[in-house]
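> Can you read through this structure? Questions will come right after.
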Amino acid sequence: MVTLESLYIRKFNLQFWLTIYTKSLWKPITHVPSRKRISAFEQGGGRATSLRAPSDITSASSRAESDFRSSFRAALSVCRSLAVLDPRRGRRTAAMTEADVNPKAYPLADAHLTKKLLDLVQQSCNYKQLRKGANEATKTLNRGISEFIVMAADAEPLEIILHLPLLCEDKNVPYVFVRSKQALGRACGVSRPVIACSVTIKEGSQLKQQIQSIQQSIERLLV
């Protein structure tokens, strides 16, 4: 059974959470009535003027929701002016231009090669020929089981993966940079950014021809 006291308790809970979400953009409805005031309200036949009717909850919540939506739209417009919004996941990713790329990230794949690389990385993940992360990529190089290394040019700081090109040159393994660590993470099958990955050697792999084609494309970037 719904009582007047339970209605006002629900009113207080709604007021509290709406105040939190809107960062006090609207004035609170009223304070929580005591049991004495509630009983006086019931005895007076509902004629007390100091207490608001439950219909005020709906109007106040509507105002709070409207203020919250307008504030959210304003913040979103600022974010869009400063960065690019990823439509598939709703995440903000910085727009990297040619001037923003660290010159140490060499060789850098173009758009066409990047698409081929990410497609092959995704297939390698399905065929269990992929190691994700800078540490795992280093292990594959030391063990001599890496076909090629892919790194993200927007790793911060970039120096945390610059030991990989040195190891690749020592082990004669091709390596290349792509622009986005977020895109590399999606290709690796994870929701988080990945700054480096390694496609590993596997006997009788169905991806052998594609791997050789990518290796030749990477070598052409160095010429």
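If you're wondering about the labels, chains in the structure tokens are A, B, ... by order shown, residues count from 1 in each chain, ligands from 1 in order shown.
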Which residues in range 133-172 of chain A does DSSP call alpha helix (DSSP H)? List them as a list in words.
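Listing alpha helix (DSSP H) positions across range 133-172 of chain A yields Ala134, Asn135, Glu136, Ala137, Thr138, Lys139, Thr140, Leu141, Asn142, Arg143, His163, Leu164, Pro165, Leu166, Leu167, Cys168, Glu169, Asp170 and Lys171 of chain A.
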> Restricting it to N, CA, C and O atoms, dump the selection as a compact mmCIF listing (two decimals), in the first residue's frame.

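Okay, result.txt is ready:
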# COMPACT_ATOMS: atom_id res chain seq x y z
N ALA A 134 53.26 -3.99 -25.83
CA ALA A 134 54.69 -3.79 -26.08
C ALA A 134 55.53 -4.90 -25.48
O ALA A 134 56.52 -5.36 -26.07
N ASN A 135 55.16 -5.37 -24.28
CA ASN A 135 55.93 -6.42 -23.63
C ASN A 135 55.84 -7.74 -24.41
O ASN A 135 56.85 -8.44 -24.58
N GLU A 136 54.63 -8.08 -24.85
CA GLU A 136 54.47 -9.32 -25.62
C GLU A 136 55.18 -9.23 -26.97
O GLU A 136 55.76 -10.22 -27.45
N ALA A 137 55.14 -8.06 -27.59
CA ALA A 137 55.85 -7.89 -28.85
C ALA A 137 57.36 -8.04 -28.65
O ALA A 137 58.06 -8.64 -29.48
N THR A 138 57.88 -7.53 -27.55
CA THR A 138 59.31 -7.69 -27.24
C THR A 138 59.67 -9.16 -27.06
O THR A 138 60.73 -9.62 -27.52
N LYS A 139 58.80 -9.91 -26.40
CA LYS A 139 59.06 -11.34 -26.19
C LYS A 139 59.11 -12.10 -27.52
O LYS A 139 59.98 -12.97 -27.71
N THR A 140 58.20 -11.77 -28.44
CA THR A 140 58.21 -12.47 -29.73
C THR A 140 59.48 -12.15 -30.52
O THR A 140 60.01 -13.03 -31.21
N LEU A 141 59.98 -10.94 -30.40
CA LEU A 141 61.23 -10.59 -31.08
C LEU A 141 62.41 -11.33 -30.48
O LEU A 141 63.28 -11.84 -31.20
N ASN A 142 62.46 -11.40 -29.17
CA ASN A 142 63.57 -12.10 -28.51
C ASN A 142 63.54 -13.60 -28.79
O ASN A 142 64.60 -14.25 -28.86
N ARG A 143 62.35 -14.15 -28.97
CA ARG A 143 62.22 -15.59 -29.24
C ARG A 143 62.30 -15.91 -30.74
O ARG A 143 62.31 -17.08 -31.12
N HIS A 163 62.02 1.18 -28.26
CA HIS A 163 63.00 0.09 -28.23
C HIS A 163 62.65 -0.99 -29.25
O HIS A 163 63.53 -1.77 -29.66
N LEU A 164 61.39 -1.04 -29.67
CA LEU A 164 60.98 -2.08 -30.62
C LEU A 164 61.61 -1.92 -32.00
O LEU A 164 62.05 -2.92 -32.59
N PRO A 165 61.68 -0.70 -32.58
CA PRO A 165 62.38 -0.59 -33.86
C PRO A 165 63.84 -1.03 -33.81
O PRO A 165 64.33 -1.63 -34.77
N LEU A 166 64.51 -0.76 -32.69
CA LEU A 166 65.90 -1.20 -32.55
C LEU A 166 66.00 -2.71 -32.54
O LEU A 166 66.88 -3.31 -33.19
N LEU A 167 65.09 -3.35 -31.80
CA LEU A 167 65.08 -4.82 -31.78
C LEU A 167 64.72 -5.40 -33.14
O LEU A 167 65.29 -6.41 -33.56
N CYS A 168 63.78 -4.75 -33.83
CA CYS A 168 63.38 -5.24 -35.16
C CYS A 168 64.55 -5.17 -36.14
O CYS A 168 64.76 -6.11 -36.93
N GLU A 169 65.29 -4.08 -36.10
CA GLU A 169 66.44 -3.97 -37.00
C GLU A 169 67.51 -4.99 -36.63
O GLU A 169 68.20 -5.52 -37.51
N ASP A 170 67.66 -5.28 -35.35
CA ASP A 170 68.64 -6.27 -34.93
C ASP A 170 68.23 -7.68 -35.35
O ASP A 170 69.08 -8.49 -35.74
N LYS A 171 66.91 -7.96 -35.31
CA LYS A 171 66.40 -9.30 -35.66
C LYS A 171 65.96 -9.39 -37.12
O LYS A 171 65.50 -10.46 -37.56
> Would you list, as a PyMOL selection string, the residues of range 75-223 of chain A that end up in strand (DSSP E) under DSSP run on this structure's backbone?
chain A and resi 84-85+92-93+130-132+146-152+175-178+196-200
> Just checking: using only C-alpha atoms, which residue out of A:Ser70, A:Gln216, A:Ser205, A:Gln210 ends up closest to Pro174 in chain A?
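Among the listed residues, A:Gln216 lies closest to Pro174 in chain A.
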> Provide the CA of Leu120 in chain A to CA of Ile218 in chain A distance in Å, to one decimal place.
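Distance between the two atoms: 13.4 Å.
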> Calculate how many Å separate CA of Val178 in chain A from CA of Gln206 in chain A, rounding to one decimal.
24.1 Å
> Leaving out range 100-115 of chain A and any residue of its chain fewer than 2 positions from it, which residues lie within 12 Å of it when counting only C-alpha atoms, given as a PyMOL selection string?
chain A and resi 94-98+117-122+149-166+174-181+183-184+187+195+213-223
> Write the residues you've just listed into a file as a short mmCIF file (atom, residue, chain, number, x, y, z; two decimals), in the first residue's frame, and include N, CA and C atoms for each of them.

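Result file is out_0.cif:
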data_model
loop_
_atom_site.label_atom_id
_atom_site.label_comp_id
_atom_site.auth_asym_id
_atom_site.auth_seq_id
_atom_site.Cartn_x
_atom_site.Cartn_y
_atom_site.Cartn_z
N ALA A 94 41.47 12.17 -30.58
CA ALA A 94 42.10 13.36 -31.12
C ALA A 94 42.32 13.22 -32.61
N ALA A 95 42.09 14.28 -33.33
CA ALA A 95 42.29 14.29 -34.77
C ALA A 95 43.76 14.52 -35.06
N MET A 96 44.45 13.48 -35.55
CA MET A 96 45.88 13.55 -35.78
C MET A 96 46.14 13.92 -37.24
N THR A 97 46.78 15.03 -37.43
CA THR A 97 47.16 15.46 -38.76
C THR A 97 48.63 15.14 -38.99
N GLU A 98 49.10 15.50 -40.18
CA GLU A 98 50.49 15.22 -40.51
C GLU A 98 51.44 15.96 -39.55
N LEU A 117 46.76 -3.42 -43.04
CA LEU A 117 47.41 -3.87 -41.80
C LEU A 117 46.38 -4.25 -40.74
N LEU A 118 45.40 -3.38 -40.53
CA LEU A 118 44.41 -3.64 -39.49
C LEU A 118 43.55 -4.85 -39.83
N ASP A 119 43.25 -5.04 -41.12
CA ASP A 119 42.50 -6.24 -41.51
C ASP A 119 43.32 -7.51 -41.24
N LEU A 120 44.61 -7.45 -41.54
CA LEU A 120 45.45 -8.62 -41.30
C LEU A 120 45.64 -8.87 -39.80
N VAL A 121 45.76 -7.80 -39.04
CA VAL A 121 45.87 -7.95 -37.58
C VAL A 121 44.62 -8.61 -37.02
N GLN A 122 43.46 -8.21 -37.52
CA GLN A 122 42.21 -8.81 -37.05
C GLN A 122 42.13 -10.29 -37.42
N ILE A 149 55.99 -6.21 -36.81
CA ILE A 149 55.52 -5.47 -35.64
C ILE A 149 54.72 -4.26 -36.11
N VAL A 150 53.59 -4.02 -35.46
CA VAL A 150 52.77 -2.84 -35.72
C VAL A 150 52.72 -2.01 -34.44
N MET A 151 53.00 -0.71 -34.56
CA MET A 151 53.00 0.18 -33.40
C MET A 151 52.10 1.38 -33.67
N ALA A 152 51.66 2.03 -32.59
CA ALA A 152 50.78 3.19 -32.69
C ALA A 152 51.60 4.46 -32.57
N ALA A 153 51.41 5.39 -33.52
CA ALA A 153 52.17 6.64 -33.52
C ALA A 153 51.69 7.62 -32.47
N ASP A 154 50.48 7.40 -31.91
CA ASP A 154 49.96 8.32 -30.89
C ASP A 154 50.13 7.79 -29.48
N ALA A 155 51.07 6.85 -29.29
CA ALA A 155 51.38 6.38 -27.94
C ALA A 155 52.00 7.53 -27.14
N GLU A 156 51.62 7.63 -25.89
CA GLU A 156 52.09 8.74 -25.05
C GLU A 156 52.73 8.18 -23.78
N PRO A 157 54.02 8.44 -23.58
CA PRO A 157 54.96 9.02 -24.56
C PRO A 157 55.40 7.95 -25.56
N LEU A 158 55.84 8.41 -26.70
CA LEU A 158 56.23 7.48 -27.76
C LEU A 158 57.47 6.67 -27.39
N GLU A 159 58.27 7.22 -26.46
CA GLU A 159 59.53 6.55 -26.10
C GLU A 159 59.33 5.18 -25.45
N ILE A 160 58.10 4.89 -24.97
CA ILE A 160 57.89 3.60 -24.32
C ILE A 160 57.90 2.44 -25.31
N ILE A 161 57.81 2.74 -26.63
CA ILE A 161 57.85 1.67 -27.63
C ILE A 161 59.02 1.85 -28.61
N LEU A 162 59.86 2.85 -28.40
CA LEU A 162 60.95 3.08 -29.36
C LEU A 162 62.08 2.07 -29.26
N HIS A 163 62.02 1.18 -28.26
CA HIS A 163 63.00 0.09 -28.23
C HIS A 163 62.65 -0.99 -29.25
N LEU A 164 61.39 -1.04 -29.67
CA LEU A 164 60.98 -2.08 -30.62
C LEU A 164 61.61 -1.92 -32.00
N PRO A 165 61.68 -0.70 -32.58
CA PRO A 165 62.38 -0.59 -33.86
C PRO A 165 63.84 -1.03 -33.81
N LEU A 166 64.51 -0.76 -32.69
CA LEU A 166 65.90 -1.20 -32.55
C LEU A 166 66.00 -2.71 -32.54
N PRO A 174 60.40 -6.75 -40.09
CA PRO A 174 59.75 -5.50 -40.53
C PRO A 174 58.90 -4.89 -39.41
N TYR A 175 58.82 -3.57 -39.40
CA TYR A 175 57.99 -2.86 -38.42
C TYR A 175 57.40 -1.63 -39.09
N VAL A 176 56.26 -1.20 -38.57
CA VAL A 176 55.55 -0.07 -39.15
C VAL A 176 54.69 0.58 -38.07
N PHE A 177 54.40 1.88 -38.26
CA PHE A 177 53.54 2.62 -37.35
C PHE A 177 52.20 2.90 -38.02
N VAL A 178 51.14 2.87 -37.23
CA VAL A 178 49.82 3.34 -37.66
C VAL A 178 49.44 4.53 -36.78
N ARG A 179 48.46 5.31 -37.24
CA ARG A 179 48.18 6.57 -36.56
C ARG A 179 47.45 6.41 -35.22
N SER A 180 46.54 5.45 -35.13
CA SER A 180 45.63 5.41 -33.99
C SER A 180 45.82 4.15 -33.16
N LYS A 181 46.06 4.32 -31.87
CA LYS A 181 46.14 3.19 -30.95
C LYS A 181 44.74 2.63 -30.66
N ALA A 183 42.27 2.44 -32.94
CA ALA A 183 41.95 1.59 -34.08
C ALA A 183 42.74 0.28 -34.02
N LEU A 184 43.98 0.37 -33.57
CA LEU A 184 44.80 -0.85 -33.44
C LEU A 184 44.21 -1.76 -32.36
N ALA A 187 41.25 -3.58 -33.82
CA ALA A 187 41.69 -4.64 -34.72
C ALA A 187 42.21 -5.85 -33.94
N ILE A 195 49.13 -0.16 -28.06
CA ILE A 195 50.22 0.65 -28.62
C ILE A 195 51.17 -0.16 -29.47
N SER A 213 52.88 -10.24 -48.38
CA SER A 213 52.51 -9.03 -49.10
C SER A 213 52.68 -7.79 -48.22
N ILE A 214 52.27 -7.89 -46.96
CA ILE A 214 52.43 -6.76 -46.03
C ILE A 214 53.90 -6.49 -45.77
N GLN A 215 54.69 -7.52 -45.62
CA GLN A 215 56.12 -7.34 -45.39
C GLN A 215 56.79 -6.60 -46.55
N GLN A 216 56.39 -6.93 -47.77
CA GLN A 216 56.95 -6.24 -48.93
C GLN A 216 56.49 -4.78 -48.96
N SER A 217 55.24 -4.52 -48.58
CA SER A 217 54.75 -3.14 -48.55
C SER A 217 55.49 -2.32 -47.51
N ILE A 218 55.80 -2.92 -46.37
CA ILE A 218 56.54 -2.21 -45.32
C ILE A 218 57.96 -1.90 -45.78
N GLU A 219 58.58 -2.86 -46.48
CA GLU A 219 59.94 -2.64 -46.97
C GLU A 219 59.99 -1.52 -48.01
N ARG A 220 58.91 -1.38 -48.79
CA ARG A 220 58.87 -0.31 -49.78
C ARG A 220 58.80 1.06 -49.12
N LEU A 221 58.22 1.14 -47.89
CA LEU A 221 58.17 2.41 -47.18
C LEU A 221 59.57 2.87 -46.77
N LEU A 222 60.47 1.94 -46.56
CA LEU A 222 61.81 2.27 -46.10
C LEU A 222 62.73 2.66 -47.23
N VAL A 223 62.31 2.41 -48.46
CA VAL A 223 63.17 2.71 -49.60
C VAL A 223 63.12 4.21 -49.91
#
> Between CA of Arg131 in chain A and CA of Lys116 in chain A, what is the distance, to one decimal in Å?
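It comes out at 17.9 Å.
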> Could you check the closest approach to Val190 in chain A for each of A:Lys132, A:Gln123, A:Gln212, A:Arg63 and tell me which residue wins, using only C-alpha atoms?
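Answer, going by the shortest atom-to-atom distance: A:Lys132.
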> From the list A:Ile211, A:Cys197, A:Ile145, A:Cys125, which residue is nearest Asn172 in chain A when using only C-alpha atoms?
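Among the listed residues, the smallest separation from Asn172 in chain A belongs to A:Ile145.
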